[in-house]
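Shown below: target06.txt, with compact mmCIF, C-alpha atoms and all ligand atoms.
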```txt
# COMPACT_ATOMS: atom_id res chain seq x y z
CA MET A 727 129.42 99.68 73.32
CA VAL A 728 128.37 102.94 74.99
CA LYS A 729 130.24 105.52 77.04
CA ALA A 730 129.69 105.43 80.80
CA LEU A 731 131.18 106.91 83.97
CA VAL A 732 132.64 103.98 85.92
CA ALA A 733 134.05 103.95 89.46
CA HIS A 734 136.65 101.15 89.50
CA GLU A 735 137.29 100.98 93.25
CA PRO A 736 136.51 102.87 96.47
CA GLU A 737 138.24 106.25 96.92
CA SER A 738 139.22 106.38 93.22
CA LYS A 739 138.40 108.98 90.58
CA PRO A 740 135.65 107.65 88.31
CA GLU A 741 136.43 107.68 84.58
CA VAL A 742 134.48 107.67 81.34
CA VAL A 743 135.04 104.37 79.53
CA GLU A 744 133.33 102.23 76.89
CA VAL A 745 131.08 99.56 78.38
CA GLU A 746 128.97 96.73 77.02
CA LEU A 747 125.31 97.00 77.99
CA PRO A 748 123.51 94.14 79.77
CA VAL A 749 121.63 91.76 77.46
CA LEU A 750 117.98 92.88 77.11
CA GLY A 751 115.81 90.38 79.01
CA PRO A 752 112.10 89.77 78.25
CA GLY A 753 111.03 92.14 81.05
CA ASP A 754 113.58 94.85 80.30
CA LEU A 755 113.82 98.15 78.47
CA ARG A 756 116.83 99.69 76.76
CA ILE A 757 116.89 103.39 77.55
CA GLY A 758 118.71 106.22 75.77
CA LEU A 759 119.57 108.73 78.48
CA ALA A 760 118.32 112.28 77.98
CA ALA A 761 119.44 113.97 81.22
CA ALA A 762 120.92 112.87 84.55
CA GLY A 763 121.30 114.83 87.78
CA VAL A 764 124.50 114.53 89.81
CA CYS A 765 123.30 113.58 93.30
CA HIS A 766 125.33 113.56 96.50
CA SER A 767 124.75 109.81 96.72
CA ASP A 768 126.83 109.38 93.53
CA LEU A 769 129.75 111.00 95.34
CA SER A 770 128.95 108.93 98.44
CA MET A 771 129.49 105.76 96.37
CA THR A 772 133.05 106.81 95.59
CA ASN A 773 134.17 108.10 99.00
CA GLY A 774 133.28 105.20 101.27
CA THR A 775 129.99 106.55 102.69
CA VAL A 776 127.99 103.98 100.72
CA THR A 777 129.78 100.80 99.65
CA PRO A 778 128.58 99.41 96.32
CA LYS A 779 130.28 96.55 94.47
CA PHE A 780 132.94 97.72 92.03
CA PRO A 781 133.38 98.42 89.19
CA VAL A 782 130.08 100.33 89.05
CA VAL A 783 128.37 102.64 86.55
CA LEU A 784 127.31 105.61 88.69
CA GLY A 785 124.17 107.72 88.28
CA HIS A 786 120.57 107.13 89.39
CA GLU A 787 118.61 110.38 88.88
CA ALA A 788 117.70 110.51 85.22
CA SER A 789 115.27 110.75 82.35
CA GLY A 790 115.44 109.07 78.98
CA VAL A 791 113.60 107.58 76.08
CA VAL A 792 112.73 103.91 75.48
CA LEU A 793 114.88 102.55 72.61
CA GLU A 794 114.01 98.84 72.81
CA VAL A 795 111.31 96.85 74.58
CA GLY A 796 111.70 93.29 75.96
CA SER A 797 109.37 90.62 74.55
CA ALA A 798 107.30 90.33 77.75
CA VAL A 799 106.67 94.07 78.17
CA ASP A 800 103.29 95.13 76.77
CA ASP A 801 102.54 98.47 78.39
CA ILE A 802 105.22 100.81 77.07
CA GLU A 803 106.46 101.53 73.56
CA VAL A 804 109.65 102.54 71.81
CA GLY A 805 109.92 106.32 71.91
CA ALA A 806 108.19 106.77 75.27
CA PRO A 807 109.82 109.36 77.59
CA VAL A 808 110.46 108.05 81.10
CA VAL A 809 111.96 108.90 84.48
CA LEU A 810 114.33 106.21 85.70
CA ASN A 811 113.21 104.94 89.08
CA TRP A 812 115.87 103.63 91.46
CA ALA A 813 113.34 103.03 94.22
CA ALA A 814 110.71 100.96 92.44
CA PRO A 815 108.62 99.10 95.04
CA CYS A 816 107.92 95.39 94.49
CA ARG A 817 104.27 95.70 95.69
CA ARG A 818 104.56 92.27 97.36
CA CYS A 819 106.84 92.56 100.42
CA TRP A 820 105.58 93.32 103.92
CA PHE A 821 106.47 97.03 103.66
CA CYS A 822 104.74 97.45 100.30
CA LEU A 823 101.65 95.65 101.57
CA ASN A 824 101.62 97.84 104.67
CA ALA A 825 101.67 101.18 102.83
CA GLN A 826 105.39 101.94 103.19
CA PRO A 827 106.68 101.23 99.66
CA TRP A 828 109.69 103.54 100.25
CA LEU A 829 111.01 100.89 102.66
CA CYS A 830 110.52 98.07 100.11
CA ARG A 831 112.86 95.12 100.60
CA ARG A 832 113.74 95.04 96.92
CA VAL A 833 114.96 98.65 97.00
CA GLU A 834 117.31 97.77 99.89
CA LYS A 835 119.14 95.30 97.66
CA THR A 836 119.74 97.38 94.54
CA VAL A 837 122.71 99.55 95.67
CA SER A 838 124.81 97.79 93.07
CA THR A 839 123.03 95.48 90.66
CA PRO A 840 125.08 93.27 88.31
CA GLY A 841 124.75 94.34 84.66
CA GLY A 842 126.99 94.77 81.62
CA LYS A 843 130.74 94.44 81.17
CA LEU A 844 133.85 96.52 80.76
CA ALA A 845 135.62 96.30 77.39
CA ASP A 846 137.97 93.61 78.80
CA GLY A 847 135.02 91.45 79.87
CA THR A 848 135.07 92.37 83.60
CA PRO A 849 131.49 92.16 84.93
CA LEU A 850 130.01 95.54 85.84
CA ASN A 851 127.44 96.75 88.36
CA LEU A 852 124.79 99.41 87.83
CA ALA A 853 124.31 101.88 90.70
CA LEU A 854 120.84 101.42 92.21
CA ALA A 855 119.86 99.18 89.26
CA VAL A 856 119.98 102.27 87.03
CA GLY A 857 123.55 103.23 86.00
CA ALA A 858 122.42 106.55 84.56
CA PHE A 859 125.80 108.15 83.82
CA ALA A 860 125.89 106.36 80.47
CA GLU A 861 124.66 107.03 76.97
CA GLU A 862 122.33 104.04 77.31
CA THR A 863 121.29 101.61 80.02
CA VAL A 864 119.13 98.51 80.39
CA VAL A 865 116.61 98.44 83.23
CA PRO A 866 113.60 96.32 84.19
CA ARG A 867 110.18 97.67 83.17
CA TRP A 868 109.52 98.42 86.84
CA GLY A 869 112.59 100.65 86.85
CA VAL A 870 110.90 103.46 84.94
CA VAL A 871 107.92 105.77 85.41
CA PRO A 872 106.41 106.91 82.07
CA LEU A 873 106.21 110.68 81.56
CA PRO A 874 103.36 112.68 80.06
CA PRO A 875 104.26 114.86 77.05
CA GLY A 876 105.78 118.26 77.64
CA ILE A 877 108.06 117.69 80.63
CA PRO A 878 111.61 118.88 79.84
CA ALA A 879 114.30 116.18 80.17
CA ASP A 880 116.35 118.09 82.79
CA VAL A 881 113.58 118.62 85.34
CA ALA A 882 112.25 115.13 84.60
CA ALA A 883 115.63 113.78 85.75
CA LEU A 884 115.44 115.67 89.06
CA MET A 885 112.13 114.01 89.83
CA GLY A 886 113.94 110.66 90.02
CA CYS A 887 115.74 111.44 93.29
CA ALA A 888 116.09 115.04 94.57
CA VAL A 889 112.42 115.90 94.21
CA LEU A 890 111.05 112.58 95.45
CA THR A 891 113.31 112.88 98.50
CA GLY A 892 113.19 116.61 99.32
CA PHE A 893 109.63 117.38 98.30
CA GLY A 894 108.49 114.10 99.80
CA ALA A 895 110.17 114.84 103.15
CA VAL A 896 108.02 117.96 103.53
CA ARG A 897 104.85 116.73 101.91
CA ASN A 898 104.72 113.05 102.88
CA SER A 899 107.01 112.49 105.88
CA ALA A 900 106.40 115.71 107.81
CA GLN A 901 103.07 116.66 106.23
CA VAL A 902 103.90 120.32 106.82
CA ARG A 903 100.81 122.48 107.14
CA SER A 904 100.16 126.11 106.36
CA GLY A 905 101.61 128.42 109.04
CA GLU A 906 104.04 125.88 110.48
CA SER A 907 107.69 126.84 110.86
CA VAL A 908 110.44 125.00 109.02
CA ALA A 909 114.25 124.96 109.03
CA ILE A 910 116.17 123.32 106.18
CA PHE A 911 119.84 122.47 106.68
CA GLY A 912 121.89 122.06 103.49
CA LEU A 913 120.77 123.59 100.20
CA GLY A 914 121.74 120.99 97.60
CA GLY A 915 119.18 119.44 95.25
CA ILE A 916 117.28 117.81 98.12
CA GLY A 917 117.31 120.81 100.47
CA LEU A 918 116.14 123.14 97.70
CA SER A 919 113.36 120.71 96.76
CA ALA A 920 112.31 120.69 100.41
CA LEU A 921 112.37 124.49 100.41
CA VAL A 922 110.08 124.71 97.37
CA ALA A 923 107.71 122.19 98.98
CA ALA A 924 107.66 124.14 102.26
CA ARG A 925 106.76 127.34 100.43
CA MET A 926 104.02 125.57 98.47
CA ALA A 927 102.66 124.15 101.74
CA GLY A 928 102.31 127.70 103.07
CA ALA A 929 104.90 127.22 105.81
CA GLY A 930 106.43 130.20 107.60
CA PRO A 931 108.91 131.18 108.73
CA ILE A 932 111.05 129.06 106.38
CA VAL A 933 114.65 129.23 107.56
CA ALA A 934 117.25 128.07 105.02
CA ILE A 935 120.74 127.21 106.25
CA ASP A 936 123.94 126.51 104.32
CA ILE A 937 127.71 126.95 104.63
CA ASN A 938 127.89 128.89 101.36
CA PRO A 939 126.71 132.55 101.46
CA GLU A 940 126.26 132.49 97.67
CA LYS A 941 123.17 130.31 98.11
CA GLU A 942 121.21 133.07 99.86
CA ALA A 943 119.79 134.63 96.69
CA THR A 944 118.50 131.28 95.37
CA ALA A 945 117.12 130.34 98.78
CA ARG A 946 115.19 133.59 99.08
CA ALA A 947 113.97 133.39 95.48
CA LEU A 948 112.59 129.92 96.18
CA GLY A 949 110.70 131.07 99.26
CA ALA A 950 113.04 131.15 102.27
CA THR A 951 111.98 133.90 104.67
CA ASP A 952 115.37 133.78 106.40
CA PHE A 953 118.83 132.62 105.33
CA LEU A 954 121.47 131.74 107.93
CA LEU A 955 125.08 130.61 107.56
CA TYR A 956 125.77 127.41 109.44
CA ASP A 957 127.31 127.76 112.90
CA ASP A 958 126.88 126.21 116.33
CA SER A 959 124.71 129.03 117.67
CA LEU A 960 121.99 128.36 115.08
CA PRO A 961 119.47 126.81 117.48
CA LYS A 962 119.48 130.03 119.50
CA THR A 963 119.17 132.22 116.38
CA ILE A 964 116.32 130.03 115.10
CA ARG A 965 114.50 130.26 118.45
CA GLY A 966 114.79 134.04 118.03
CA LEU A 967 112.87 133.74 114.75
CA THR A 968 110.13 131.54 116.21
CA GLU A 969 108.91 133.30 119.35
CA ARG A 970 111.66 131.54 121.37
CA ARG A 971 110.26 128.08 120.59
CA GLY A 972 112.25 126.57 117.73
CA VAL A 973 110.77 125.28 114.50
CA ASP A 974 107.95 122.80 114.11
CA HIS A 975 109.95 120.83 111.52
CA ALA A 976 113.72 120.68 110.99
CA PHE A 977 115.04 118.94 107.87
CA GLU A 978 118.68 117.85 107.89
CA CYS A 979 119.74 117.39 104.26
CA VAL A 980 123.48 116.86 104.84
CA GLY A 981 124.03 113.62 106.77
CA ARG A 982 126.67 114.81 109.26
CA PRO A 983 126.46 114.24 113.02
CA GLU A 984 127.04 117.94 113.85
CA THR A 985 124.29 119.15 111.50
CA ILE A 986 121.91 116.44 112.69
CA HIS A 987 122.49 117.56 116.27
CA THR A 988 122.05 121.23 115.36
CA ALA A 989 118.88 120.51 113.39
CA TRP A 990 117.51 118.50 116.29
CA SER A 991 118.31 121.33 118.72
CA SER A 992 116.57 123.82 116.41
CA ALA A 993 113.20 122.08 116.67
CA ARG A 994 110.73 123.24 119.31
CA ARG A 995 109.63 121.15 122.27
CA GLY A 996 107.45 118.47 120.72
CA GLY A 997 108.77 119.36 117.26
CA LYS A 998 110.21 117.01 114.67
CA CYS A 999 113.63 116.58 113.14
CA PHE A 1000 113.93 114.60 109.89
CA VAL A 1001 117.29 113.22 108.82
CA VAL A 1002 117.10 113.33 105.03
CA GLY A 1003 120.87 113.36 104.34
CA VAL A 1004 122.75 110.07 104.07
CA GLY A 1005 125.44 109.82 106.74
CA ARG A 1006 128.29 107.41 107.36
CA ARG A 1007 127.96 104.11 109.19
CA ASP A 1008 130.92 104.91 111.45
CA GLN A 1009 129.70 108.32 112.66
CA ALA A 1010 127.40 108.61 115.68
CA VAL A 1011 125.03 111.36 116.78
CA GLU A 1012 125.10 111.98 120.52
CA ILE A 1013 121.97 113.29 122.21
CA SER A 1014 121.64 114.01 125.92
CA ALA A 1015 119.29 111.57 127.62
CA LEU A 1016 117.74 114.42 129.60
CA GLU A 1017 117.21 116.54 126.47
CA LEU A 1018 115.61 113.60 124.70
CA TYR A 1019 113.08 113.38 127.52
CA HIS A 1020 112.65 117.08 128.21
CA TYR A 1021 112.22 118.36 124.66
CA ALA A 1022 109.89 115.53 123.65
CA ARG A 1023 110.99 115.94 120.04
CA GLU A 1024 110.83 113.30 117.35
CA LEU A 1025 114.04 112.39 115.54
CA SER A 1026 113.24 110.45 112.42
CA GLY A 1027 115.10 108.96 109.47
CA CYS A 1028 113.47 109.88 106.20
CA ALA A 1029 113.94 107.36 103.38
CA LEU A 1030 113.05 108.70 99.91
CA GLY A 1031 110.75 111.30 101.49
CA SER A 1032 108.19 108.57 102.21
CA SER A 1033 107.42 108.65 98.49
CA ASP A 1034 105.77 106.21 96.15
CA PRO A 1035 107.40 107.12 92.82
CA ASP A 1036 104.56 105.66 90.73
CA ARG A 1037 102.10 107.88 92.59
CA ASP A 1038 104.22 110.98 93.18
CA ILE A 1039 106.11 111.48 89.89
CA PRO A 1040 102.86 111.82 87.88
CA MET A 1041 101.63 114.29 90.53
CA TYR A 1042 104.80 116.42 90.18
CA CYS A 1043 104.36 116.24 86.39
CA SER A 1044 100.87 117.67 86.63
CA MET A 1045 102.12 120.41 88.97
CA ILE A 1046 104.83 121.26 86.40
CA GLY A 1047 102.28 121.13 83.58
CA SER A 1048 99.94 123.52 85.38
CA GLY A 1049 102.78 125.93 86.15
CA SER A 1050 102.59 125.58 89.95
CA LEU A 1051 105.98 123.83 90.21
CA ASP A 1052 109.14 125.18 88.57
CA LEU A 1053 112.25 123.05 89.09
CA GLN A 1054 114.56 124.96 86.73
CA PRO A 1055 115.98 127.16 89.54
CA LEU A 1056 117.45 124.02 91.14
CA ILE A 1057 119.83 123.54 88.19
CA SER A 1058 123.05 125.57 88.31
CA HIS A 1059 125.36 123.68 85.93
CA ARG A 1060 125.05 121.61 82.76
CA THR A 1061 127.72 119.26 81.51
CA ASP A 1062 128.53 116.07 79.62
CA LEU A 1063 129.80 112.75 81.02
CA ASP A 1064 133.36 114.10 81.15
CA GLY A 1065 132.32 116.96 83.44
CA ILE A 1066 130.87 114.84 86.27
CA ASN A 1067 134.13 114.78 88.23
CA ASP A 1068 134.05 118.60 88.25
CA ALA A 1069 130.49 118.39 89.62
CA PHE A 1070 131.81 116.11 92.40
CA ASP A 1071 134.49 118.74 93.17
CA ARG A 1072 131.79 121.42 93.47
CA MET A 1073 129.83 119.16 95.84
CA ARG A 1074 132.88 118.59 98.05
CA ALA A 1075 133.37 122.37 98.19
CA GLY A 1076 129.67 123.03 98.86
CA GLU A 1077 129.38 125.05 95.65
CA GLY A 1078 126.61 125.14 93.07
CA LEU A 1079 123.13 123.64 93.04
CA ARG A 1080 122.21 120.64 90.86
CA THR A 1081 124.48 119.76 87.94
CA VAL A 1082 122.61 118.07 85.08
CA VAL A 1083 124.42 115.84 82.58
CA GLU A 1084 122.89 116.31 79.15
CA PHE A 1085 122.96 113.60 76.46
CA ASP A 1086 121.93 113.85 72.83
CA ALA A 1087 119.05 111.40 73.16
CA GLU A 1088 117.23 111.20 69.87
CA GLY A 1089 113.52 111.40 70.28
CA PHE A 1090 113.02 112.80 73.80
CA ARG A 1091 110.30 114.87 72.19
ZN ZN B 1 120.14 110.57 94.63
ZN ZN B 2 108.23 95.75 98.38
```
Please render this file's structure as structure tokens.
Ligand SMILES: [Zn+2]
Ligand SMILES: [Zn+2]
Amino acid sequence: MVKALVAHEPESKPEVVEVELPVLGPGDLRIGLAAAGVCHSDLSMTNGTVTPKFPVVLGHEASGVVLEVGSAVDDIEVGAPVVLNWAAPCRRCWFCLNAQPWLCRRVEKTVSTPGGKLADGTPLNLALAVGAFAEETVVPRWGVVPLPPGIPADVAALMGCAVLTGFGAVRNSAQVRSGESVAIFGLGGIGLSALVAARMAGAGPIVAIDINPEKEATARALGATDFLLYDDSLPKTIRGLTERRGVDHAFECVGRPETIHTAWSSARRGGKCFVVGVGRRDQAVEISALELYHYARELSGCALGSSDPDRDIPMYCSMIGSGSLDLQPLISHRTDLDGINDAFDRMRAGEGLRTVVEFDAEGFR
């Protein structure tokens, strides 16, 4: 039995309970968790935005160490440090074969994957086939990306979701070039990753927007040239910063209809607006038919930052290794499993940056 954070039903407060791990299959790995980031999608699974099967072990952004290897796995050993990968492409479906592995059909189906049991024998689900808010988990071999030596467990965890999504949105989806203007709405783990990527791409101006004035210092330290508090007049203010045009690329990292509309209105004629945040099924974004024609902007969903984790995580590792990428400033709080509900409260209030859950994993270096 291991401790895990389980959501028992929608709209309920998740609790830390003892769970029985899934049986290790021939193609599986048993992982001791080292660190796990608290992502907005974890909260979304408890408040009705995303509807997994319950009860579910939450958590999907994590690093750990391999504790046990299934009999059919021959390319990874006990003791290896890994990033857990909730978006592992199958390499066989139409999307994978047509160079869009972030839209893989397998990834669509993993929101809640059966695995393990509660102490009373009730079958459990693992969020996104990972279930990272637990001392240990069992995942398929394809559910991890091996790490090179020297990557700290906390930043390794962030690579599993926030960095793939936020960095990828700028680098892969938008392919932001030097000198292009960028606006980023919502400075959580994903928005801040996008900000770092925009700075590294040489973008400017980089306008960072949030509802919390306390995020200004971090935003500026990470490369924002301007920081604005969210309000309805933002598109006008942003045009004032971009020779009256609007930005080349707007990234909405919140998932609310109002912010999506404001981000869209902040892009220039012919500019692009990427919806990176995960919104609710029952909320609609209304755009004027005339504006859609006149402004000739692109409005695009942005799944996983158009990332291929097997390609991109090793690239981020080499950037960290060479000193060109520092993800530590994205982490504002550290906690244990019992503190995750407090992290959810901070997210609801728009406070703090990434919270990382730390485990005492033996052997993560
Ligand atoms: Zn996530
Ligand atoms: Zn696929």
Contacts of A:His1059 within 7 Å, all atoms listed in the file, excl. fewer than 6 positions in-chain, as a short mmCIF file (atom, residue, chain, number, x, y, z; two decimals) with C-alpha atoms, in the coordinates of the input:
```
data_model
loop_
_atom_site.label_atom_id
_atom_site.label_comp_id
_atom_site.auth_asym_id
_atom_site.auth_seq_id
_atom_site.Cartn_x
_atom_site.Cartn_y
_atom_site.Cartn_z
CA ARG A 1080 122.21 120.64 90.86
CA THR A 1081 124.48 119.76 87.94
CA VAL A 1082 122.61 118.07 85.08
#
```
8 Å from ligand ZN 1 (chain B) is the threshold here; counting only C-alpha atoms and all ligand atoms, which polymer residues fall inside it? Answer as a VMD selection string.
chain A and resid 764 to 768 786 to 787 886 to 888
Restricting it to C-alpha atoms, dump the selection as a compact mmCIF listing (two decimals), in the frame of the given file.
```
# COMPACT_ATOMS: atom_id res chain seq x y z
CA VAL A 764 124.50 114.53 89.81
CA CYS A 765 123.30 113.58 93.30
CA HIS A 766 125.33 113.56 96.50
CA SER A 767 124.75 109.81 96.72
CA ASP A 768 126.83 109.38 93.53
CA HIS A 786 120.57 107.13 89.39
CA GLU A 787 118.61 110.38 88.88
CA GLY A 886 113.94 110.66 90.02
CA CYS A 887 115.74 111.44 93.29
CA ALA A 888 116.09 115.04 94.57
```
Using only C-alpha atoms and all ligand atoms, find the one residue out of A:Cys819, A:Ala730, A:Ala813, A:Ala879 that sits nearest to ligand ZN 2 (chain B).
A:Cys819
Please write out the residues within 8 Å of ligand ZN 2 (chain B) as a list in words, counting all atoms listed in the file.
Pro815, Cys816, Arg817, Arg818, Cys819, Trp820, Phe821, Cys822, Leu823, Pro827, Leu829, Cys830, Arg831, Arg832 and Val833 of chain A
Could you check how far atom CA of A:Gly857 sits from atom CA of A:Leu750, in Å to one decimal?
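Atom CA of A:Leu750 lies at a distance of 14.7 Å from atom CA of A:Gly857.
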So how far away is atom CA of A:Arg1060 from atom CA of A:Thr836, in Å?
27.5 Å
Using all atoms listed in the file, which residue out of A:Gly758, A:Pro740, A:Gly997, A:Gly805 lies closest to A:Leu784?
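Checking each candidate against A:Leu784, we get A:Pro740 as the closest.
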Which residue of A:Leu755, A:Val804, A:Leu913, A:Leu967 approaches A:Gly869 most closely, using all atoms listed in the file:
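Among the listed residues, A:Leu755 lies closest to A:Gly869.
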Taking all atoms listed in the file into account, name the residue in A:Pro866, A:Pro1035, A:Gly917, A:Gly966 that is nearest to A:Gly981.
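Closest residue, counting all atoms listed in the file: A:Gly917.
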Which polymer residues have any atom within 8 Å of an atom of stretch 1006-1011 of chain A, counting all atoms listed in the file, with same-chain residues fewer than 2 positions away left out, as a compact mmCIF listing (two decimals) with C-alpha atoms, in the coordinates of the input?
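Result file is result.txt:
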```txt
# COMPACT_ATOMS: atom_id res chain seq x y z
CA THR A 775 129.99 106.55 102.69
CA VAL A 776 127.99 103.98 100.72
CA GLY A 981 124.03 113.62 106.77
CA ARG A 982 126.67 114.81 109.26
CA PRO A 983 126.46 114.24 113.02
CA GLU A 984 127.04 117.94 113.85
CA ILE A 986 121.91 116.44 112.69
CA HIS A 987 122.49 117.56 116.27
CA VAL A 1004 122.75 110.07 104.07
CA ILE A 1013 121.97 113.29 122.21
```
Selected residue of minimal separation from A:Ala895 among A:His975, A:Lys941, A:Lys962, A:Arg970, counting only C-alpha atoms:
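Looking at the shortest contact to A:Ala895, the residue is A:His975.
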What is the atom CA of A:Val1002 to atom CA of A:Gly1047 distance in Å?
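Going from atom CA of A:Val1002 over to atom CA of A:Gly1047, I get 27.2 Å.
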The residues within 7 Å of (118.1, 97.2, 86.2), using only C-alpha atoms and the coordinates of the file, should be reported as a ChimeraX atom specification; which are they?
/A:839,855-856,864-866,869
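Around stretch 742-746 of chain A, within 10 Å and counting only C-alpha atoms, the residues found are Met727, Val728, Lys729, Ala730, Leu731, Val732, Ala733, Val783, Gly841, Gly842, Lys843, Leu844, Ala845, Asp846, Gly847, Thr848, Pro849, Leu850, Phe859, Ala860, Glu861, Glu862, Thr863, Leu1063, Asp1064, Gly1065, Ile1066 and Asn1067 of chain A, once anything fewer than 5 positions away on its own chain is removed.
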Residues just named, written with C-alpha atoms as a PDB file, keeping the file's coordinate frame:
```
ATOM      1  CA  MET A 727     129.420  99.680  73.320  1.00  0.00           C
ATOM      2  CA  VAL A 728     128.370 102.940  74.990  1.00  0.00           C
ATOM      3  CA  LYS A 729     130.240 105.520  77.040  1.00  0.00           C
ATOM      4  CA  ALA A 730     129.690 105.430  80.800  1.00  0.00           C
ATOM      5  CA  LEU A 731     131.180 106.910  83.970  1.00  0.00           C
ATOM      6  CA  VAL A 732     132.640 103.980  85.920  1.00  0.00           C
ATOM      7  CA  ALA A 733     134.050 103.950  89.460  1.00  0.00           C
ATOM      8  CA  VAL A 783     128.370 102.640  86.550  1.00  0.00           C
ATOM      9  CA  GLY A 841     124.750  94.340  84.660  1.00  0.00           C
ATOM     10  CA  GLY A 842     126.990  94.770  81.620  1.00  0.00           C
ATOM     11  CA  LYS A 843     130.740  94.440  81.170  1.00  0.00           C
ATOM     12  CA  LEU A 844     133.850  96.520  80.760  1.00  0.00           C
ATOM     13  CA  ALA A 845     135.620  96.300  77.390  1.00  0.00           C
ATOM     14  CA  ASP A 846     137.970  93.610  78.800  1.00  0.00           C
ATOM     15  CA  GLY A 847     135.020  91.450  79.870  1.00  0.00           C
ATOM     16  CA  THR A 848     135.070  92.370  83.600  1.00  0.00           C
ATOM     17  CA  PRO A 849     131.490  92.160  84.930  1.00  0.00           C
ATOM     18  CA  LEU A 850     130.010  95.540  85.840  1.00  0.00           C
ATOM     19  CA  PHE A 859     125.800 108.150  83.820  1.00  0.00           C
ATOM     20  CA  ALA A 860     125.890 106.360  80.470  1.00  0.00           C
ATOM     21  CA  GLU A 861     124.660 107.030  76.970  1.00  0.00           C
ATOM     22  CA  GLU A 862     122.330 104.040  77.310  1.00  0.00           C
ATOM     23  CA  THR A 863     121.290 101.610  80.020  1.00  0.00           C
ATOM     24  CA  LEU A1063     129.800 112.750  81.020  1.00  0.00           C
ATOM     25  CA  ASP A1064     133.360 114.100  81.150  1.00  0.00           C
ATOM     26  CA  GLY A1065     132.320 116.960  83.440  1.00  0.00           C
ATOM     27  CA  ILE A1066     130.870 114.840  86.270  1.00  0.00           C
ATOM     28  CA  ASN A1067     134.130 114.780  88.230  1.00  0.00           C
TER      29      ASN A1067
END
```
Using only C-alpha atoms, determine which residues lie at most 10 Å from A:Ser991, disregarding the query and same-chain residues fewer than 6 positions distant; provide the list as a list in words.
Leu960, Pro961, Lys962, Ile964, Arg965, Gly972, Val973, Ala976, Thr985, Gly997, Cys999, Ile1013, Glu1017, Tyr1021 and Arg1023 of chain A
Measuring atom to atom with only C-alpha atoms, identify which of A:Asn898, A:Ala1022, A:Gly1078, A:Pro872 is nearest to A:Gln826.
A:Asn898
Neighbours of stretch 924-930 of chain A within 10 Å (all atoms listed in the file; same-chain residues fewer than 2 positions away dropped), as a tab-separated table (two decimals) with C-alpha atoms, in the coordinates of the input?
```
chain	number	residue	atom	x	y	z
A	892	GLY	CA	113.19	116.61	99.32
A	893	PHE	CA	109.63	117.38	98.30
A	895	ALA	CA	110.17	114.84	103.15
A	896	VAL	CA	108.02	117.96	103.53
A	897	ARG	CA	104.85	116.73	101.91
A	901	GLN	CA	103.07	116.66	106.23
A	902	VAL	CA	103.90	120.32	106.82
A	903	ARG	CA	100.81	122.48	107.14
A	904	SER	CA	100.16	126.11	106.36
A	905	GLY	CA	101.61	128.42	109.04
A	906	GLU	CA	104.04	125.88	110.48
A	907	SER	CA	107.69	126.84	110.86
A	908	VAL	CA	110.44	125.00	109.02
A	909	ALA	CA	114.25	124.96	109.03
A	910	ILE	CA	116.17	123.32	106.18
A	918	LEU	CA	116.14	123.14	97.70
A	919	SER	CA	113.36	120.71	96.76
A	920	ALA	CA	112.31	120.69	100.41
A	921	LEU	CA	112.37	124.49	100.41
A	922	VAL	CA	110.08	124.71	97.37
A	932	ILE	CA	111.05	129.06	106.38
A	933	VAL	CA	114.65	129.23	107.56
A	948	LEU	CA	112.59	129.92	96.18
A	949	GLY	CA	110.70	131.07	99.26
A	950	ALA	CA	113.04	131.15	102.27
A	951	THR	CA	111.98	133.90	104.67
A	952	ASP	CA	115.37	133.78	106.40
A	968	THR	CA	110.13	131.54	116.21
A	973	VAL	CA	110.77	125.28	114.50
A	974	ASP	CA	107.95	122.80	114.11
A	975	HIS	CA	109.95	120.83	111.52
A	1050	SER	CA	102.59	125.58	89.95
A	1051	LEU	CA	105.98	123.83	90.21
```
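All polymer residues at most 6 Å from (117.5, 110.5, 109.6), using only C-alpha atoms, appear as A:Phe1000, A:Val1001, A:Val1002, A:Ser1026, A:Gly1027, A:Cys1028.
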Take the residues from that selection and put them in a file with C-alpha atoms, as a PDB file, keeping the file's coordinate frame.
```pdb
ATOM      1  CA  PHE A1000     113.930 114.600 109.890  1.00  0.00           C
ATOM      2  CA  VAL A1001     117.290 113.220 108.820  1.00  0.00           C
ATOM      3  CA  VAL A1002     117.100 113.330 105.030  1.00  0.00           C
ATOM      4  CA  SER A1026     113.240 110.450 112.420  1.00  0.00           C
ATOM      5  CA  GLY A1027     115.100 108.960 109.470  1.00  0.00           C
ATOM      6  CA  CYS A1028     113.470 109.880 106.200  1.00  0.00           C
TER       7      CYS A1028
END
```
Please put the answer as lines of an AutoDock Vina configuration file: centre and edge lengths, in Å with one decimal, of a box along x, y and z that encloses all listed atoms of stretch 901-910 of chain A plus 8 Å on each side.
```
center_x = 108.2
center_y = 122.5
center_z = 108.5
size_x = 32.0
size_y = 27.8
size_z = 20.7
```
